[in-house]
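Everything below belongs to data15.cif, which stores mmCIF, C-alpha atoms.
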```cif
data_run
#
loop_
_atom_site.group_PDB
_atom_site.id
_atom_site.type_symbol
_atom_site.label_atom_id
_atom_site.label_comp_id
_atom_site.auth_asym_id
_atom_site.auth_seq_id
_atom_site.Cartn_x
_atom_site.Cartn_y
_atom_site.Cartn_z
ATOM 1 C CA PHE A 1 -2.939 -23.504 6.167
ATOM 2 C CA ARG A 2 -1.283 -20.566 4.446
ATOM 3 C CA MET A 3 -3.090 -17.630 2.892
ATOM 4 C CA ALA A 4 -1.013 -15.213 0.866
ATOM 5 C CA LYS A 5 1.999 -14.534 3.128
ATOM 6 C CA GLU A 6 0.280 -15.303 6.417
ATOM 7 C CA THR A 7 -0.263 -18.593 8.213
ATOM 8 C CA PHE A 8 -3.324 -19.436 10.284
ATOM 9 C CA ARG A 9 -4.808 -22.312 12.215
ATOM 10 C CA GLN A 10 -8.293 -23.588 11.671
ATOM 11 C CA ASN A 11 -10.902 -22.108 13.991
ATOM 12 C CA THR A 12 -13.330 -24.969 14.650
ATOM 13 C CA LYS A 13 -15.514 -22.742 16.837
ATOM 14 C CA GLU A 14 -16.574 -20.504 13.954
ATOM 15 C CA GLU A 15 -19.818 -21.957 12.623
ATOM 16 C CA ALA A 16 -21.545 -20.860 9.444
ATOM 17 C CA GLU A 17 -25.324 -20.816 9.672
ATOM 18 C CA PHE A 18 -28.202 -20.351 7.283
ATOM 19 C CA SER A 19 -28.931 -16.618 6.926
ATOM 20 C CA HIS A 20 -32.428 -15.943 8.218
ATOM 21 C CA VAL A 21 -31.661 -12.311 7.393
ATOM 22 C CA TYR A 22 -29.191 -11.644 4.574
ATOM 23 C CA TYR A 23 -27.048 -8.508 5.035
ATOM 24 C CA MET A 24 -25.269 -6.414 2.397
ATOM 25 C CA HIS A 25 -23.026 -3.549 3.553
ATOM 26 C CA LEU A 26 -22.715 -0.566 1.189
ATOM 27 C CA LEU A 27 -19.514 1.380 1.938
ATOM 28 C CA PHE A 28 -18.982 5.153 1.588
ATOM 29 C CA ARG A 29 -16.258 7.699 2.174
ATOM 30 C CA GLU A 30 -18.719 10.200 3.645
ATOM 31 C CA LYS A 31 -22.142 10.057 5.235
ATOM 32 C CA GLY A 32 -24.721 10.788 2.574
ATOM 33 C CA GLU A 33 -28.465 11.084 2.039
ATOM 34 C CA ARG A 34 -30.649 8.020 1.646
ATOM 35 C CA PRO A 35 -33.125 7.824 -1.232
ATOM 36 C CA LEU A 36 -36.629 8.810 -0.200
ATOM 37 C CA ALA A 37 -38.979 5.967 0.675
ATOM 38 C CA GLU A 38 -41.566 7.076 -1.874
ATOM 39 C CA THR A 39 -38.926 7.134 -4.606
ATOM 40 C CA LEU A 40 -37.810 3.606 -3.788
ATOM 41 C CA LYS A 41 -41.389 2.416 -3.550
ATOM 42 C CA GLY A 42 -42.115 3.736 -7.011
ATOM 43 C CA GLU A 43 -39.096 1.967 -8.491
ATOM 44 C CA LEU A 44 -39.934 -1.282 -6.705
ATOM 45 C CA GLU A 45 -43.466 -1.156 -8.100
ATOM 46 C CA LYS A 46 -42.097 -0.721 -11.618
ATOM 47 C CA ARG A 47 -40.010 -3.857 -11.185
ATOM 48 C CA TYR A 48 -42.161 -6.077 -9.005
ATOM 49 C CA GLY A 49 -45.714 -4.823 -8.986
ATOM 50 C CA ARG A 50 -47.569 -4.256 -5.738
ATOM 51 C CA THR A 51 -45.229 -2.908 -3.071
ATOM 52 C CA ASP A 52 -46.290 -1.687 0.364
ATOM 53 C CA LEU A 53 -44.246 0.671 2.516
ATOM 54 C CA VAL A 54 -44.088 -1.153 5.869
ATOM 55 C CA THR A 55 -42.023 1.268 7.920
ATOM 56 C CA ASP A 56 -40.040 4.472 7.473
ATOM 57 C CA ALA A 57 -39.149 5.235 11.071
ATOM 58 C CA ASP A 58 -37.612 8.703 10.905
ATOM 59 C CA GLN A 59 -35.686 7.379 7.917
ATOM 60 C CA LYS A 60 -33.623 5.238 10.308
ATOM 61 C CA LEU A 61 -35.103 2.050 8.904
ATOM 62 C CA THR A 62 -37.164 1.710 5.758
ATOM 63 C CA SER A 63 -38.808 -1.539 4.706
ATOM 64 C CA PHE A 64 -41.072 -2.632 1.884
ATOM 65 C CA ALA A 65 -43.295 -5.671 1.373
ATOM 66 C CA LEU A 66 -42.988 -7.150 -2.112
ATOM 67 C CA PHE A 67 -46.127 -9.074 -3.050
ATOM 68 C CA ARG A 68 -44.350 -10.748 -5.940
ATOM 69 C CA TYR A 69 -42.456 -12.805 -3.339
ATOM 70 C CA LEU A 70 -44.948 -14.598 -1.100
ATOM 71 C CA VAL A 71 -43.792 -16.817 1.745
ATOM 72 C CA GLU A 72 -46.120 -19.725 2.458
ATOM 73 C CA TYR A 73 -46.355 -20.800 6.083
ATOM 74 C CA LYS A 74 -47.306 -24.172 7.574
ATOM 75 C CA ASP A 75 -50.896 -23.120 8.158
ATOM 76 C CA GLY A 76 -51.270 -22.275 4.474
ATOM 77 C CA GLU A 77 -51.190 -18.543 5.036
ATOM 78 C CA LYS A 78 -49.059 -16.430 2.719
ATOM 79 C CA ALA A 79 -47.291 -13.153 3.422
ATOM 80 C CA PRO A 80 -44.978 -10.991 1.328
ATOM 81 C CA ALA A 81 -41.255 -11.020 1.961
ATOM 82 C CA GLN A 82 -39.652 -7.676 2.762
ATOM 83 C CA VAL A 83 -36.533 -5.740 1.817
ATOM 84 C CA MET A 84 -34.956 -3.241 4.211
ATOM 85 C CA MET A 85 -32.618 -0.279 4.192
ATOM 86 C CA MET A 86 -30.992 0.959 7.391
ATOM 87 C CA ASP A 87 -29.481 4.375 8.055
ATOM 88 C CA TYR A 88 -25.894 5.481 7.560
ATOM 89 C CA GLN A 89 -23.631 4.531 10.419
ATOM 90 C CA PRO A 90 -19.863 4.508 11.057
ATOM 91 C CA PHE A 91 -18.126 1.567 9.424
ATOM 92 C CA ASP A 92 -15.661 -0.339 11.598
ATOM 93 C CA GLN A 93 -12.937 -1.545 9.237
ATOM 94 C CA GLU A 94 -11.577 -3.849 11.963
ATOM 95 C CA ARG A 95 -14.624 -6.072 11.544
ATOM 96 C CA ILE A 96 -12.940 -7.445 8.416
ATOM 97 C CA ASP A 97 -9.856 -9.277 9.657
ATOM 98 C CA ALA A 98 -6.713 -10.352 7.784
ATOM 99 C CA PHE A 99 -8.164 -13.798 7.106
ATOM 100 C CA GLN A 100 -11.138 -12.319 5.245
ATOM 101 C CA ARG A 101 -9.063 -9.661 3.491
ATOM 102 C CA SER A 102 -6.758 -12.304 2.023
ATOM 103 C CA GLN A 103 -9.642 -13.666 -0.082
ATOM 104 C CA PHE A 104 -10.772 -10.469 -1.825
ATOM 105 C CA TRP A 105 -9.490 -11.812 -5.163
ATOM 106 C CA ASP A 106 -12.041 -9.902 -7.254
ATOM 107 C CA CYS A 107 -11.214 -6.503 -5.795
ATOM 108 C CA PRO A 108 -7.493 -5.638 -6.136
ATOM 109 C CA GLN A 109 -8.014 -2.208 -4.526
ATOM 110 C CA ALA A 110 -9.738 -3.724 -1.473
ATOM 111 C CA GLU A 111 -7.272 -2.451 1.142
ATOM 112 C CA GLN A 112 -7.453 1.130 -0.115
ATOM 113 C CA LEU A 113 -11.257 1.055 -0.268
ATOM 114 C CA LEU A 114 -11.574 -0.328 3.241
ATOM 115 C CA ASP A 115 -9.153 2.264 4.613
ATOM 116 C CA GLU A 116 -10.973 5.154 2.923
ATOM 117 C CA CYS A 117 -14.580 4.167 3.667
ATOM 118 C CA GLY A 118 -15.770 5.430 7.026
ATOM 119 C CA TYR A 119 -19.531 4.861 6.675
ATOM 120 C CA GLU A 120 -21.847 2.043 5.747
ATOM 121 C CA LEU A 121 -25.493 1.664 4.798
ATOM 122 C CA VAL A 122 -26.901 -1.820 5.314
ATOM 123 C CA LEU A 123 -29.428 -3.513 3.036
ATOM 124 C CA ALA A 124 -31.165 -6.741 4.001
ATOM 125 C CA ASP A 125 -34.179 -8.927 3.501
ATOM 126 C CA PHE A 126 -36.737 -9.718 6.202
ATOM 127 C CA LEU A 127 -39.273 -12.515 6.637
ATOM 128 C CA ALA A 128 -37.808 -13.948 3.436
ATOM 129 C CA SER A 129 -36.012 -17.076 4.652
ATOM 130 C CA GLY A 130 -39.088 -19.185 3.875
ATOM 131 C CA LEU A 131 -39.008 -18.316 0.186
ATOM 132 C CA PRO A 132 -37.689 -20.852 -2.329
ATOM 133 C CA TYR A 133 -33.994 -20.020 -2.388
ATOM 134 C CA MET A 134 -33.978 -18.960 -6.046
ATOM 135 C CA GLU A 135 -36.781 -16.458 -5.466
ATOM 136 C CA ARG A 136 -35.032 -15.089 -2.399
ATOM 137 C CA CYS A 137 -31.735 -14.715 -4.241
ATOM 138 C CA ASP A 138 -33.468 -13.004 -7.162
ATOM 139 C CA MET A 139 -35.101 -10.558 -4.760
ATOM 140 C CA LEU A 140 -31.795 -9.769 -3.024
ATOM 141 C CA ALA A 141 -29.976 -9.181 -6.307
ATOM 142 C CA GLY A 142 -32.742 -6.917 -7.565
ATOM 143 C CA TRP A 143 -32.903 -4.892 -4.336
ATOM 144 C CA LEU A 144 -29.137 -4.356 -4.350
ATOM 145 C CA ASP A 145 -29.105 -3.306 -8.005
ATOM 146 C CA LEU A 146 -31.986 -0.875 -7.507
ATOM 147 C CA VAL A 147 -30.433 0.883 -4.505
ATOM 148 C CA LEU A 148 -26.962 1.122 -6.052
ATOM 149 C CA ARG A 149 -28.409 3.054 -8.992
ATOM 150 C CA PHE A 150 -29.588 5.729 -6.538
ATOM 151 C CA LEU A 151 -26.242 5.938 -4.686
ATOM 152 C CA PRO A 152 -23.414 6.776 -7.115
ATOM 153 C CA GLU A 153 -21.248 7.763 -4.157
ATOM 154 C CA CYS A 154 -21.164 4.151 -2.928
ATOM 155 C CA GLU A 155 -17.597 2.855 -3.294
ATOM 156 C CA ALA A 156 -18.050 -0.873 -2.678
ATOM 157 C CA VAL A 157 -20.256 -3.495 -1.058
ATOM 158 C CA TRP A 158 -19.133 -6.069 1.513
ATOM 159 C CA PHE A 159 -21.058 -9.329 1.811
ATOM 160 C CA PRO A 160 -20.280 -11.039 5.150
ATOM 161 C CA ALA A 161 -21.987 -14.315 4.215
ATOM 162 C CA SER A 162 -19.725 -14.874 1.202
ATOM 163 C CA GLY A 163 -16.689 -12.915 2.353
ATOM 164 C CA LYS A 164 -16.718 -10.958 -0.886
ATOM 165 C CA LEU A 165 -15.981 -7.285 -1.579
ATOM 166 C CA LEU A 166 -16.974 -5.760 -4.913
ATOM 167 C CA THR A 167 -17.066 -2.197 -6.222
ATOM 168 C CA ARG A 168 -20.318 -0.518 -7.190
ATOM 169 C CA GLU A 169 -19.231 -0.579 -10.839
ATOM 170 C CA GLN A 170 -18.545 -4.311 -10.721
ATOM 171 C CA LEU A 171 -21.971 -4.992 -9.262
ATOM 172 C CA LEU A 172 -23.794 -2.821 -11.793
ATOM 173 C CA GLU A 173 -21.976 -4.737 -14.535
ATOM 174 C CA ASN A 174 -22.831 -8.121 -12.996
ATOM 175 C CA PRO A 175 -21.869 -10.672 -15.686
ATOM 176 C CA TYR A 176 -24.421 -13.211 -14.489
ATOM 177 C CA LYS A 177 -27.896 -12.984 -15.956
ATOM 178 C CA ASN A 178 -31.431 -13.341 -14.587
ATOM 179 C CA GLY A 179 -31.709 -15.766 -11.665
ATOM 180 C CA LEU A 180 -27.962 -16.316 -11.399
ATOM 181 C CA ARG A 181 -27.122 -12.690 -10.509
ATOM 182 C CA PHE A 182 -26.918 -13.566 -6.811
ATOM 183 C CA LEU A 183 -23.951 -15.873 -7.426
ATOM 184 C CA TYR A 184 -21.719 -12.975 -8.482
ATOM 185 C CA PHE A 185 -21.694 -11.512 -4.971
ATOM 186 C CA GLY A 186 -23.201 -14.348 -2.931
ATOM 187 C CA VAL A 187 -20.425 -16.901 -3.540
ATOM 188 C CA ASN A 188 -16.662 -16.464 -3.193
ATOM 189 C CA ALA A 189 -14.088 -19.031 -4.344
ATOM 190 C CA ARG A 190 -11.195 -19.054 -1.870
ATOM 191 C CA PHE A 191 -7.652 -20.401 -2.284
ATOM 192 C CA PHE A 192 -5.209 -21.673 0.350
ATOM 193 C CA THR A 193 -1.970 -23.634 0.407
ATOM 194 C CA VAL A 194 -1.195 -26.144 3.150
ATOM 195 C CA ASP A 195 1.864 -25.030 5.085
ATOM 196 C CA GLY A 196 4.895 -27.263 4.629
ATOM 197 C CA SER A 197 3.534 -29.125 1.601
ATOM 198 C CA GLU A 198 2.513 -28.709 -2.033
ATOM 199 C CA ASP A 199 -1.141 -29.284 -1.155
ATOM 200 C CA CYS A 200 -3.810 -26.682 -1.867
ATOM 201 C CA VAL A 201 -7.421 -26.123 -0.892
ATOM 202 C CA VAL A 202 -10.024 -24.334 -2.998
ATOM 203 C CA ASP A 203 -13.468 -23.923 -1.545
ATOM 204 C CA THR A 204 -16.509 -21.744 -2.042
ATOM 205 C CA LEU A 205 -18.188 -19.673 0.632
ATOM 206 C CA GLY A 206 -21.755 -18.427 0.451
ATOM 207 C CA LEU A 207 -24.168 -21.116 -0.724
ATOM 208 C CA TYR A 208 -24.621 -22.286 2.883
ATOM 209 C CA ALA A 209 -26.331 -18.950 3.609
ATOM 210 C CA VAL A 210 -29.284 -19.856 1.374
ATOM 211 C CA GLY A 211 -29.473 -23.525 2.347
ATOM 212 C CA LEU A 212 -27.218 -25.122 -0.281
ATOM 213 C CA PRO A 213 -23.821 -26.833 0.109
ATOM 214 C CA ASP A 214 -20.577 -25.119 -0.772
ATOM 215 C CA VAL A 215 -17.909 -27.112 -2.612
ATOM 216 C CA GLN A 216 -14.349 -28.012 -1.585
ATOM 217 C CA TYR A 217 -11.213 -29.380 -3.284
ATOM 218 C CA HIS A 218 -8.108 -30.662 -1.446
ATOM 219 C CA TYR A 219 -5.514 -31.292 -4.136
ATOM 220 C CA HIS A 220 -2.036 -30.874 -5.598
ATOM 221 C CA GLY A 221 -0.609 -30.548 -9.097
ATOM 222 C CA LEU A 222 -3.436 -28.591 -10.734
ATOM 223 C CA ASP A 223 -3.607 -24.952 -11.847
ATOM 224 C CA PRO A 224 -5.575 -23.148 -9.107
ATOM 225 C CA ASN A 225 -7.322 -21.026 -11.731
ATOM 226 C CA GLN A 226 -8.689 -24.161 -13.377
ATOM 227 C CA VAL A 227 -9.888 -25.476 -10.023
ATOM 228 C CA VAL A 228 -11.568 -22.164 -9.196
ATOM 229 C CA ASN A 229 -13.280 -22.182 -12.591
ATOM 230 C CA HIS A 230 -14.453 -25.758 -11.972
ATOM 231 C CA ALA A 231 -15.750 -24.690 -8.553
ATOM 232 C CA TYR A 232 -17.833 -21.838 -9.977
ATOM 233 C CA ASN A 233 -19.253 -24.071 -12.716
ATOM 234 C CA THR A 234 -20.185 -26.653 -10.081
ATOM 235 C CA VAL A 235 -21.802 -23.955 -7.940
ATOM 236 C CA ILE A 236 -23.939 -22.872 -10.900
ATOM 237 C CA TYR A 237 -25.054 -26.474 -11.426
ATOM 238 C CA ILE A 238 -25.880 -26.906 -7.726
ATOM 239 C CA PHE A 239 -27.769 -23.599 -7.660
ATOM 240 C CA GLU A 240 -29.783 -24.207 -10.822
ATOM 241 C CA ASN A 241 -30.731 -27.763 -9.867
ATOM 242 C CA ASN A 242 -31.210 -27.616 -6.070
ATOM 243 C CA ALA A 243 -28.072 -29.602 -5.172
ATOM 244 C CA PRO A 244 -28.890 -32.805 -7.071
ATOM 245 C CA ILE A 245 -25.509 -34.530 -6.567
ATOM 246 C CA GLN A 246 -25.554 -37.271 -3.911
ATOM 247 C CA SER A 247 -22.617 -38.615 -1.882
ATOM 248 C CA GLY A 248 -20.796 -41.215 -3.944
ATOM 249 C CA GLU A 249 -21.844 -39.782 -7.290
ATOM 250 C CA THR A 250 -19.326 -38.309 -9.722
ATOM 251 C CA ILE A 251 -18.934 -35.236 -11.885
ATOM 252 C CA ASP A 252 -16.668 -34.449 -14.838
ATOM 253 C CA GLY A 253 -13.149 -33.558 -13.737
ATOM 254 C CA ILE A 254 -10.443 -31.481 -15.356
ATOM 255 C CA SER A 255 -7.026 -32.027 -16.857
ATOM 256 C CA GLU A 256 -4.448 -29.650 -18.253
ATOM 257 C CA LYS A 257 -6.770 -28.890 -21.192
ATOM 258 C CA GLY A 258 -9.878 -28.161 -19.121
ATOM 259 C CA ILE A 259 -13.046 -30.191 -18.576
ATOM 260 C CA ASP A 260 -12.300 -33.880 -19.163
ATOM 261 C CA ARG A 261 -15.256 -36.275 -19.146
ATOM 262 C CA SER A 262 -12.914 -39.239 -19.039
ATOM 263 C CA ARG A 263 -11.966 -38.160 -15.514
ATOM 264 C CA GLN A 264 -14.824 -38.686 -13.100
ATOM 265 C CA TRP A 265 -14.355 -37.068 -9.701
ATOM 266 C CA LYS A 266 -16.239 -38.535 -6.763
ATOM 267 C CA CYS A 267 -18.289 -36.259 -4.509
ATOM 268 C CA ARG A 268 -18.977 -36.672 -0.811
ATOM 269 C CA TYR A 269 -20.576 -34.465 1.824
ATOM 270 C CA GLU A 270 -18.435 -33.649 4.845
ATOM 271 C CA ARG A 271 -17.483 -30.833 7.195
ATOM 272 C CA ALA A 272 -15.360 -28.090 5.712
ATOM 273 C CA LEU A 273 -11.574 -28.100 6.065
ATOM 274 C CA ILE A 274 -11.442 -24.300 6.218
ATOM 275 C CA GLN A 275 -13.430 -22.093 8.538
ATOM 276 C CA PRO A 276 -16.247 -21.320 8.948
ATOM 277 C CA VAL A 277 -17.391 -24.821 9.830
ATOM 278 C CA ARG A 278 -20.203 -25.903 7.529
ATOM 279 C CA ASP A 279 -21.323 -28.792 5.350
ATOM 280 C CA VAL A 280 -19.619 -28.874 1.962
ATOM 281 C CA MET A 281 -19.550 -31.173 -1.037
ATOM 282 C CA ASP A 282 -15.968 -32.417 -1.142
ATOM 283 C CA ILE A 283 -14.853 -33.159 -4.702
ATOM 284 C CA CYS A 284 -12.051 -35.732 -4.846
ATOM 285 C CA PRO A 285 -9.865 -34.887 -7.878
ATOM 286 C CA GLY A 286 -8.609 -38.381 -8.678
ATOM 287 C CA GLU A 287 -4.843 -38.621 -8.996
ATOM 288 C CA TYR A 288 -4.549 -34.981 -7.931
ATOM 289 C CA ALA A 289 -6.231 -35.619 -4.563
ATOM 290 C CA SER A 290 -4.543 -34.740 -1.290
ATOM 291 C CA GLY A 291 -5.440 -35.856 2.211
ATOM 292 C CA GLY A 292 -7.338 -38.932 3.319
ATOM 293 C CA ARG A 293 -10.882 -39.703 2.220
ATOM 294 C CA ASN A 294 -12.752 -42.661 3.693
#
```
Mind turning the file's structure into structure tokens?
Amino acid sequence: FRMAKETFRQNTKEEAEFSHVYYMHLLFREKGERPLAETLKGELEKRYGRTDLVTDADQKLTSFALFRYLVEYKDGEKAPAQVMMMDYQPFDQERIDAFQRSQFWDCPQAEQLLDECGYELVLADFLASGLPYMERCDMLAGWLDLVLRFLPECEAVWFPASGKLLTREQLLENPYKNGLRFLYFGVNARFFTVDGSEDCVVDTLGLYAVGLPDVQYHYHGLDPNQVVNHAYNTVIYIFENNAPIQSGETIDGISEKGIDRSRQWKCRYERALIQPVRDVMDICPGEYASGGRN
């Protein structure tokens, strides 16, 4: 497979797993001051009601329990999910390799930002993996938005689970509304060409982290922008409806003019063509399909 001007081979040892803890890395040029725990607690209470400060260990790790988001356990007991903020620490730019950097389509200044940012501050959830995925995603999006408003010096945020890098301004102007806000940073549509052919692959990365399937297209002869748009629309449908499409079922395809209901594209669950290895919903684009599908 070819990405931009570089060629790579698939790494079948890199597995993508459900995120029991979801991490978001806020990037800075300089080490700054974290918002006070009491300030954050007050803002969380305005948004979500009862909020307990769980820990503020020398301001190295601060966590809050949000009683709006209750996780129900097998014994019937319920406990609030938590959001966390860690301390500033040096940011190792080498953690983001060339493969990941090639897919920062939404952030044209990505290389400059990564070179200039020497510190990170990590946000995460905790004891939240048992929440319904839409509640968990809503909580993550709200926590990120709240903290960013207190840190104007933040340059960008890197999301390892989706392989996405977005500026603070982009995130504060999130075009998705309400429960879909997570999708703006939690899902990345990637594009690759197959070396030595006219074949292309578009896939999404990020839904696997919250227990849903990503989507994949192996095709030729279509505008990649149209395929990416189709992928994001399909992701929204999967997210809003808890992955209702079964193997063998079809969805509306596209033609040169856009969505075309006369073209029904068959869906099938399989292992991803592009790393990381994970289950995806492969969408077979009819006469534009490439590769073998049994």
Kindly resolve the PyMOL selection byres ((chain A and resi 130-146) around 6) on the present coordinates and return the residues as a CSV table (one decimal) with C-alpha atoms, keeping the file's coordinate frame.
```csv
chain,number,residue,atom,x,y,z
A,71,VAL,CA,-43.8,-16.8,1.7
A,128,ALA,CA,-37.8,-13.9,3.4
A,129,SER,CA,-36.0,-17.1,4.7
A,147,VAL,CA,-30.4,0.9,-4.5
A,148,LEU,CA,-27.0,1.1,-6.1
A,149,ARG,CA,-28.4,3.1,-9.0
A,179,GLY,CA,-31.7,-15.8,-11.7
A,182,PHE,CA,-26.9,-13.6,-6.8
```
- Note on the structure: Min atom-atom distance to Met85 in chain A from the set A:Asp214, A:Glu45, A:Asp125, A:Glu240, counting all atoms listed in the file, belongs to A:Asp125
- Task: Fewer than 2 positions away in the same chain doesn't count, so skip those; otherwise give me all residues within 8 Å of Leu123 in chain A, counting all atoms listed in the file, as a list of chain:residue names.
- Result: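 Here the qualifying residues turn out to be A:Tyr23, A:Met24, A:His25, A:Leu26, A:Val83, A:Met84, A:Met85, A:Met86, A:Leu121, A:Asp125, A:Leu144.
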- Could you name the residues that touch Gly186 in chain A at 8 Å or less, counting all atoms listed in the file, but leaving out those on the same chain fewer than 2 positions away, as a ChimeraX atom specification? /A:159,161-162,164,182-184,188,206-207
- Given the file above and the PyMOL selection byres ((chain A and resi 152-155) around 6), which residues are selected, and can you give them as a list in words?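 Selected by the PyMOL selection byres ((chain A and resi 152-155) around 6) in this file: Leu27, Phe28, Leu151, Ala156, Thr167 and Arg168 of chain A.
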- Task: Determine the residue membership of the PyMOL selection byres ((chain A and resi 29) around 6) for the file above and supply it as a list in words.
- Result: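 The output of the PyMOL selection byres ((chain A and resi 29) around 6) on this file is Phe28, Glu30, Glu116, Cys117 and Gly118 of chain A.
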Please produce a file of those selected residues containing C-alpha atoms, as a short mmCIF file (atom, residue, chain, number, x, y, z; two decimals), in the frame of the given file.
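again28.cif, freshly written:
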```cif
data_model
loop_
_atom_site.label_atom_id
_atom_site.label_comp_id
_atom_site.auth_asym_id
_atom_site.auth_seq_id
_atom_site.Cartn_x
_atom_site.Cartn_y
_atom_site.Cartn_z
CA PHE A 28 -18.98 5.15 1.59
CA GLU A 30 -18.72 10.20 3.64
CA GLU A 116 -10.97 5.15 2.92
CA CYS A 117 -14.58 4.17 3.67
CA GLY A 118 -15.77 5.43 7.03
#
```
- Message: Show me, as a PyMOL selection string, the residues that have an atom within 7 Å of range 78-82 of chain A when counting only C-alpha atoms, minus same-chain residues fewer than 4 positions from it.
- Response: chain A and resi 63-67+69-73+125-128
- In Å and to one decimal, CA of Ala110 in chain A is distant from CA of Val235 in chain A by 24.4 Å
Env of Gly253 in chain A: 7 Å cut, atoms = only C-alpha atoms, seq-sep filter 2 positions within chain, self excluded. Answer as a PDB file with C-alpha atoms, in the coordinates of the input.
```pdb
ATOM      1  CA  ILE A 251     -18.934 -35.236 -11.885  1.00  0.00           C
ATOM      2  CA  ILE A 259     -13.046 -30.191 -18.576  1.00  0.00           C
ATOM      3  CA  ASP A 260     -12.300 -33.880 -19.163  1.00  0.00           C
ATOM      4  CA  ARG A 261     -15.256 -36.275 -19.146  1.00  0.00           C
ATOM      5  CA  ARG A 263     -11.966 -38.160 -15.514  1.00  0.00           C
ATOM      6  CA  GLN A 264     -14.824 -38.686 -13.100  1.00  0.00           C
ATOM      7  CA  TRP A 265     -14.355 -37.068  -9.701  1.00  0.00           C
ATOM      8  CA  PRO A 285      -9.865 -34.887  -7.878  1.00  0.00           C
TER       9      PRO A 285
END
```
Please write out, as AutoDock Vina command-line options, where the centre of an axis-aligned box around all listed atoms of range 160-179 of chain A lies and how long its edges are, in Å to one decimal, after adding 3 Å on each side.
```
--center_x -23.8 --center_y -8.1 --center_z -5.4 --size_x 21.7 --size_y 21.2 --size_z 27.1
```
- Message: Under the rule that all atoms listed in the file are counted, which of A:Leu114, A:Pro160, A:Gly248, A:Pro175 is the nearest residue to Tyr22 in chain A?
- Response: A:Pro160
- Query: Which residues, written as an MDAnalysis selection string, have at least one atom at most 7 Å from Cys107 in chain A, with all atoms listed in the file counted and residues fewer than 2 positions away on the same chain left out?
  - Reply: chainID A and resid 104:105 109:110 165:166
